[in-house]
file my_file16.txt (compact mmCIF, C-alpha atoms and all ligand atoms)
# COMPACT_ATOMS: atom_id res chain seq x y z
CA MET A 1 192.66 90.42 82.45
CA ARG A 2 190.79 93.64 83.04
CA ILE A 3 187.99 94.91 80.79
CA ASP A 4 186.41 98.35 81.12
CA VAL A 5 183.23 99.22 79.25
CA VAL A 6 182.01 102.77 78.64
CA THR A 7 178.31 103.12 77.88
CA ILE A 8 175.23 105.22 78.54
CA PHE A 9 173.43 101.99 79.50
CA PRO A 10 175.57 100.45 82.23
CA ASP A 11 172.76 98.11 83.37
CA LEU A 12 172.44 96.64 79.90
CA VAL A 13 176.09 95.62 80.00
CA ALA A 14 176.52 94.73 83.67
CA GLY A 15 173.81 92.02 83.79
CA PRO A 16 175.38 89.55 81.35
CA LEU A 17 178.85 90.14 82.83
CA GLY A 18 177.69 88.69 86.14
CA THR A 19 176.01 85.64 84.61
CA SER A 20 177.14 82.16 83.64
CA ILE A 21 180.75 81.76 82.49
CA MET A 22 181.44 85.53 82.65
CA GLY A 23 180.30 85.56 86.28
CA ARG A 24 182.44 82.51 87.08
CA ALA A 25 185.44 84.10 85.35
CA VAL A 26 185.08 87.07 87.70
CA GLU A 27 184.68 84.89 90.79
CA SER A 28 187.78 82.89 89.90
CA GLY A 29 189.80 86.10 89.48
CA ALA A 30 190.60 85.39 85.81
CA VAL A 31 188.87 88.61 84.70
CA GLU A 32 187.81 91.86 86.26
CA PHE A 33 185.11 94.04 84.69
CA ALA A 34 184.31 97.70 85.31
CA VAL A 35 181.34 99.38 83.63
CA HIS A 36 181.40 103.19 83.39
CA ASP A 37 178.45 105.46 82.77
CA LEU A 38 179.38 107.87 79.99
CA ARG A 39 176.89 110.38 81.44
CA GLU A 40 179.28 111.00 84.32
CA HIS A 41 181.22 112.94 81.69
CA GLY A 42 178.04 114.44 80.18
CA ILE A 43 177.67 118.16 79.57
CA GLY A 44 175.52 120.56 81.60
CA ARG A 45 172.63 119.96 83.93
CA HIS A 46 171.21 117.24 81.66
CA ARG A 47 174.54 115.45 81.34
CA SER A 48 174.10 115.56 77.61
CA VAL A 49 176.30 113.25 75.53
CA ASP A 50 175.02 113.98 72.02
CA ASP A 51 174.06 116.80 69.68
CA GLU A 52 172.85 117.50 66.14
CA PRO A 53 175.27 116.85 63.29
CA TYR A 54 177.12 119.80 61.76
CA GLY A 55 176.03 120.04 58.16
CA GLY A 56 172.55 118.84 59.00
CA GLY A 57 170.96 115.44 58.64
CA ALA A 58 168.94 112.98 60.67
CA GLY A 59 169.77 111.70 64.13
CA MET A 60 172.19 112.74 66.80
CA VAL A 61 175.96 112.45 67.04
CA MET A 62 177.90 111.64 70.21
CA ARG A 63 179.89 114.65 71.37
CA PRO A 64 183.64 114.34 71.77
CA GLU A 65 184.05 115.78 75.29
CA PRO A 66 182.31 112.97 77.24
CA LEU A 67 184.03 110.33 75.11
CA PHE A 68 187.48 111.87 75.59
CA GLY A 69 186.71 112.37 79.29
CA ALA A 70 185.89 108.69 79.70
CA VAL A 71 188.69 107.32 77.53
CA GLU A 72 191.67 109.37 78.68
CA PRO A 73 191.91 107.93 82.23
CA LEU A 74 191.57 104.40 80.79
CA ARG A 75 194.36 105.06 78.30
CA ALA A 76 196.51 106.48 81.08
CA ALA A 77 195.90 103.24 83.03
CA GLY A 78 197.32 101.29 80.06
CA ALA A 79 194.11 100.05 78.41
CA HIS A 80 194.00 99.05 74.76
CA VAL A 81 191.00 101.16 73.72
CA VAL A 82 188.51 99.63 71.29
CA LEU A 83 185.70 101.60 69.69
CA MET A 84 182.64 99.50 68.83
CA ASP A 85 181.67 100.60 65.35
CA PRO A 86 180.01 98.88 62.36
CA ALA A 87 182.76 100.43 60.20
CA GLY A 88 185.50 98.74 62.26
CA GLU A 89 187.64 95.67 61.70
CA ARG A 90 185.42 92.59 61.58
CA LEU A 91 185.59 90.34 64.65
CA ASP A 92 186.74 86.80 63.94
CA ASP A 93 188.51 84.01 65.81
CA ALA A 94 191.97 85.46 65.09
CA LEU A 95 191.00 88.93 66.35
CA ALA A 96 189.38 87.46 69.49
CA ARG A 97 192.64 85.58 70.19
CA GLU A 98 194.69 88.77 69.69
CA LEU A 99 192.46 90.74 72.05
CA ALA A 100 192.59 87.90 74.62
CA GLU A 101 196.37 88.44 74.86
CA ARG A 102 195.90 92.00 76.12
CA PRO A 103 196.00 92.46 79.87
CA HIS A 104 193.67 95.47 79.77
CA LEU A 105 190.92 96.32 77.28
CA ALA A 106 188.53 99.26 77.28
CA LEU A 107 185.47 99.00 75.02
CA LEU A 108 183.68 102.17 74.04
CA CYS A 109 180.01 101.82 73.10
CA GLY A 110 178.20 104.37 70.97
CA ARG A 111 174.51 105.08 70.49
CA TYR A 112 172.51 107.14 68.08
CA GLU A 113 173.73 107.81 64.55
CA GLY A 114 177.40 107.75 65.32
CA TYR A 115 180.37 109.36 67.02
CA ASP A 116 181.98 112.71 66.45
CA ASP A 117 184.84 111.53 64.28
CA ARG A 118 187.50 113.12 66.51
CA ILE A 119 187.10 110.21 68.96
CA ARG A 120 189.01 108.06 66.50
CA SER A 121 192.18 109.98 67.37
CA VAL A 122 192.23 108.48 70.89
CA VAL A 123 191.27 104.86 70.21
CA ASP A 124 193.67 102.04 69.34
CA GLN A 125 191.30 99.92 67.29
CA GLU A 126 187.77 99.91 65.89
CA VAL A 127 185.83 96.64 65.90
CA SER A 128 182.60 95.55 64.22
CA ILE A 129 180.81 92.29 64.98
CA GLY A 130 179.41 92.03 61.45
CA ASP A 131 177.91 93.77 58.48
CA TYR A 132 174.70 94.93 60.08
CA VAL A 133 173.89 97.95 62.23
CA LEU A 134 172.60 97.66 65.79
CA THR A 135 171.13 100.52 67.79
CA GLY A 136 174.25 100.75 69.91
CA GLY A 137 177.63 99.27 70.71
CA GLU A 138 176.57 97.54 73.94
CA LEU A 139 175.53 94.19 72.45
CA PRO A 140 178.59 94.17 70.16
CA ALA A 141 180.81 94.88 73.20
CA LEU A 142 179.23 91.92 75.01
CA VAL A 143 179.87 89.73 71.97
CA VAL A 144 183.53 90.77 71.95
CA ILE A 145 183.83 90.20 75.70
CA ASP A 146 182.25 86.75 75.49
CA ALA A 147 184.47 85.69 72.57
CA VAL A 148 187.59 87.02 74.34
CA VAL A 149 186.98 85.94 77.94
CA ARG A 150 186.40 82.28 77.08
CA LEU A 151 189.95 82.28 75.64
CA VAL A 152 191.54 83.66 78.83
CA PRO A 153 193.47 80.82 80.51
CA GLY A 154 191.47 79.14 83.25
CA VAL A 155 188.02 80.35 82.13
CA ILE A 156 187.04 77.21 80.23
CA GLN A 157 189.03 74.05 79.59
CA GLU A 158 191.59 74.95 76.98
CA ALA A 159 190.89 71.71 75.06
CA SER A 160 187.37 72.89 74.42
CA HIS A 161 188.46 76.00 72.52
CA ARG A 162 191.34 74.34 70.68
CA GLY A 163 188.70 72.29 68.83
CA ASP A 164 186.37 75.26 68.25
CA SER A 165 184.97 75.91 64.86
CA PHE A 166 187.50 78.30 63.23
CA ALA A 167 190.41 77.62 65.63
CA SER A 168 191.73 74.93 63.26
CA GLY A 169 190.41 76.84 60.27
CA LEU A 170 187.64 74.23 59.89
CA LEU A 171 184.10 74.16 61.22
CA GLU A 172 183.66 71.87 64.18
CA TYR A 173 182.86 68.17 63.71
CA PRO A 174 179.42 66.90 64.90
CA GLN A 175 179.13 66.03 68.60
CA TYR A 176 176.80 63.57 70.33
CA THR A 177 175.91 62.58 73.86
CA ARG A 178 173.52 60.07 75.49
CA PRO A 179 171.23 58.39 74.53
CA GLU A 180 172.74 56.23 71.78
CA THR A 181 169.45 56.30 69.87
CA TYR A 182 166.86 59.05 70.13
CA ARG A 183 163.65 58.84 68.06
CA ASP A 184 165.16 56.95 65.13
CA LEU A 185 168.40 58.93 65.18
CA SER A 186 171.52 56.99 66.15
CA VAL A 187 175.00 58.11 67.18
CA PRO A 188 177.64 57.17 64.56
CA PRO A 189 178.98 53.76 65.69
CA VAL A 190 182.64 54.82 65.42
CA LEU A 191 182.12 57.15 68.41
CA LEU A 192 181.11 54.15 70.53
CA SER A 193 184.00 52.00 69.30
CA GLY A 194 186.61 53.15 71.80
CA HIS A 195 189.22 53.43 69.01
CA HIS A 196 190.73 56.86 69.55
CA GLY A 197 192.61 56.83 66.25
CA GLU A 198 189.45 56.03 64.31
CA VAL A 199 187.45 58.60 66.26
CA ASP A 200 190.05 61.29 65.47
CA ALA A 201 190.10 60.36 61.78
CA TRP A 202 186.28 60.41 61.63
CA ARG A 203 186.17 63.80 63.34
CA ARG A 204 188.72 65.23 60.92
CA ARG A 205 186.73 63.95 57.94
CA GLU A 206 183.42 65.28 59.32
CA ALA A 207 185.00 68.68 60.03
CA LEU A 208 186.26 68.71 56.43
CA ARG A 209 182.84 67.64 55.12
CA ARG A 210 180.97 70.29 57.10
CA THR A 211 183.41 73.00 56.05
CA TYR A 212 183.27 71.93 52.40
CA GLU A 213 179.46 71.88 52.44
CA ARG A 214 178.85 75.07 54.43
CA ARG A 215 181.93 77.29 54.18
CA PRO A 216 184.12 76.15 51.29
CA ASP A 217 185.83 79.58 51.39
CA LEU A 218 187.53 78.52 54.66
CA LEU A 219 189.35 75.65 52.93
CA ASP A 220 191.61 78.17 51.15
CA HIS A 221 193.31 78.88 54.48
CA VAL A 222 193.61 75.37 55.94
CA GLU A 223 196.63 73.09 55.79
CA LEU A 224 195.39 69.94 54.08
CA ASP A 225 197.34 66.69 53.94
CA GLU A 226 197.00 64.04 51.27
CA ALA A 227 194.34 62.09 53.23
CA ASP A 228 192.31 65.31 53.64
CA ARG A 229 192.51 66.00 49.91
CA THR A 230 191.54 62.48 48.95
CA PHE A 231 188.52 62.66 51.22
CA LEU A 232 187.51 66.12 49.95
CA ARG A 233 187.87 65.00 46.34
CA SER A 234 185.45 62.14 47.08
CA LEU A 235 182.94 64.91 47.93
CA GLY A 236 183.59 66.76 44.69
CA PHE A 237 186.27 69.23 45.87
CA ASP A 238 188.66 70.08 43.05
CA GLY A 239 191.42 71.89 44.97
N1 LIG B 301 177.36 99.43 66.71
C1 LIG B 301 176.26 99.30 65.93
N2 LIG B 301 176.36 98.25 65.12
C2 LIG B 301 177.58 97.66 65.36
C3 LIG B 301 178.28 96.55 64.84
N3 LIG B 301 177.78 95.79 63.88
N4 LIG B 301 179.49 96.27 65.34
C4 LIG B 301 180.03 97.05 66.30
N5 LIG B 301 179.43 98.11 66.83
C5 LIG B 301 178.21 98.43 66.37
call {"tool": "encode", "arguments": {"input": "my_file16.txt", "output": "structure tokens"}}
result
Amino acid sequence: MRIDVVTIFPDLVAGPLGTSIMGRAVESGAVEFAVHDLREHGIGRHRSVDDEPYGGGAGMVMRPEPLFGAVEPLRAAGAHVVLMDPAGERLDDALARELAERPHLALLCGRYEGYDDRIRSVVDQEVSIGDYVLTGGELPALVVIDAVVRLVPGVIQEASHRGDSFASGLLEYPQYTRPETYRDLSVPPVLLSGHHGEVDAWRRREALRRTYERRPDLLDHVELDEADRTFLRSLGFDG
């Protein structure tokens, strides 16, 4: 997979892409990143990328020419172009999985108060990472990249994202590692029992419990069997 990022702060984006699992994904050849400085398409001696809003108002707006200049070659190379924008489609597990299927993504990061609206005519999708506004699209782009790259085959063991919170529609069950007892907190005995069937059943129940307690809204979209329902009813669920 190839991911291009367009930003006026290339260093802000490039650092994390070379670190940890992202860095390993590059070394293994599973992903290739290219970070582009939007100012290369800036206007005039100062390589300006923004200007005051028509109609007046606070803040600056990103001009269309540098954005079009950066995006058009990426589109021509076949990229699926994503504009990072708090007004975009909200990122979730399903969207991350859709984006991970694309061989080539280009993420466009804005700054300041917003973009000249004409940029929307040359992007394929607009994505938000949540209902809050950051000072720019760089951190959101990194969030999207992290969520997507870990799903690319070969980047992490596939079994570890099949059990992710949200992948099954449920939050993830609790996990433990050594030691068996820490302070006065002990690992649930079933996990030490060696009975895979019982471990799986316990994990399913704990995933249901956690989801019911923390995110009952998610249960509307999960396939529940009779054993699941019986267990949830014992917690007070009336669905
Ligand atoms: N740019 C600023 N805030 C953002 C958000 N929440 N999601 C995507 N891009 C953004």
call {"tool": "closest_residue", "arguments": {"input": "my_file16.txt", "among": "A:Met60, A:Leu142, A:Ala201, A:Ala207", "to": "Pro174 in chain A", "atoms": "only C-alpha atoms"}}
result
A:Ala207
call {"tool": "closest_residue", "arguments": {"input": "my_file16.txt", "among": "A:Gln125, A:Phe68, A:Gly114, A:Leu99", "to": "Val82 in chain A", "atoms": "only C-alpha atoms"}}
result
A:Gln125
call {"tool": "residues_near_ligand", "arguments": {"input": "my_file16.txt", "ligand": "ligand LIG 301 (chain B)", "cutoff": "10 Å", "atoms": "all atoms listed in the file", "output": "VMD selection string"}}
result
chain A and resid 83 to 91 108 to 114 126 to 141 143 to 144
call {"tool": "axis_aligned_box", "arguments": {"input": "my_file16.txt", "around": "range 97-114 of chain A", "padding_each_side": "4 Å", "output": "lines of an AutoDock Vina configuration file"}}
result
center_x = 184.4
center_y = 96.7
center_z = 72.2
size_x = 31.9
size_y = 30.2
size_z = 23.3
call {"tool": "atom_distance", "arguments": {"input": "my_file16.txt", "atom1": "CA of Val61 in chain A", "atom2": "CA of Leu105 in chain A"}}
result
24.3 Å
call {"tool": "closest_residue", "arguments": {"input": "my_file16.txt", "among": "A:Gly78, A:Gly42, A:Gly154, A:Gly236", "to": "His104 in chain A", "atoms": "only C-alpha atoms"}}
result
A:Gly78
call {"tool": "closest_residue", "arguments": {"input": "my_file16.txt", "among": "A:Leu219, A:Arg2, A:Arg183, A:Ser160", "to": "Ala79 in chain A", "atoms": "all atoms listed in the file"}}
result
A:Arg2
call {"tool": "residues_around", "arguments": {"input": "my_file16.txt", "residues": "Arg118 in chain A", "least_positions_apart": "4", "cutoff": "10 Å", "atoms": "only C-alpha atoms", "output": "ChimeraX atom specification"}}
result
/A:63-65,67-68,122-123
call {"tool": "closest_atom_pairs", "arguments": {"input": "my_file16.txt", "of": "range 115-177 of chain A", "to": "range 22-41 of chain A", "cutoff": "9 Å", "atoms": "all atoms listed in the file", "output": "Markdown table"}}
result
| residue | atom | partner | partner_atom | distance |
| --- | --- | --- | --- | --- |
| A:Ile145 | CA | A:Met22 | CA | 8.7 |
| A:Asp146 | CA | A:Met22 | CA | 7.3 |
| A:Val149 | CA | A:Met22 | CA | 7.3 |
| A:Arg150 | CA | A:Met22 | CA | 8.1 |
| A:Val152 | CA | A:Ala30 | CA | 7.3 |
| A:Pro153 | CA | A:Ala30 | CA | 7.6 |
| A:Gly154 | CA | A:Ala30 | CA | 6.8 |
| A:Val155 | CA | A:Ala25 | CA | 5.6 |
| A:Ile156 | CA | A:Ala25 | CA | 8.7 |
call {"tool": "residues_around", "arguments": {"input": "my_file16.txt", "residues": "Asp200 in chain A", "least_positions_apart": "6", "cutoff": "10 Å", "atoms": "all atoms listed in the file", "output": "ChimeraX atom specification"}}
result
/A:190-191,206
call {"tool": "residues_around", "arguments": {"input": "my_file16.txt", "residues": "Phe237 in chain A", "least_positions_apart": "5", "cutoff": "12 Å", "atoms": "only C-alpha atoms", "output": "NGL selection string"}}
result
:A and (208-209 or 211-213 or 216-217 or 219-220 or 228-232)
call {"tool": "write_last_selection", "arguments": {"input": "my_file16.txt", "atoms": "C-alpha atoms", "output": "short mmCIF file (atom, residue, chain, number, x, y, z; two decimals), keeping the file's coordinate frame"}}
result
data_model
loop_
_atom_site.label_atom_id
_atom_site.label_comp_id
_atom_site.auth_asym_id
_atom_site.auth_seq_id
_atom_site.Cartn_x
_atom_site.Cartn_y
_atom_site.Cartn_z
CA LEU A 208 186.26 68.71 56.43
CA ARG A 209 182.84 67.64 55.12
CA THR A 211 183.41 73.00 56.05
CA TYR A 212 183.27 71.93 52.40
CA GLU A 213 179.46 71.88 52.44
CA PRO A 216 184.12 76.15 51.29
CA ASP A 217 185.83 79.58 51.39
CA LEU A 219 189.35 75.65 52.93
CA ASP A 220 191.61 78.17 51.15
CA ASP A 228 192.31 65.31 53.64
CA ARG A 229 192.51 66.00 49.91
CA THR A 230 191.54 62.48 48.95
CA PHE A 231 188.52 62.66 51.22
CA LEU A 232 187.51 66.12 49.95
#
call {"tool": "atom_distance", "arguments": {"input": "my_file16.txt", "atom1": "CA of Pro53 in chain A", "atom2": "CA of Asp117 in chain A"}}
result
11.0 Å
call {"tool": "atom_distance", "arguments": {"input": "my_file16.txt", "atom1": "CA of Arg102 in chain A", "atom2": "CA of Glu223 in chain A"}}
result
27.8 Å
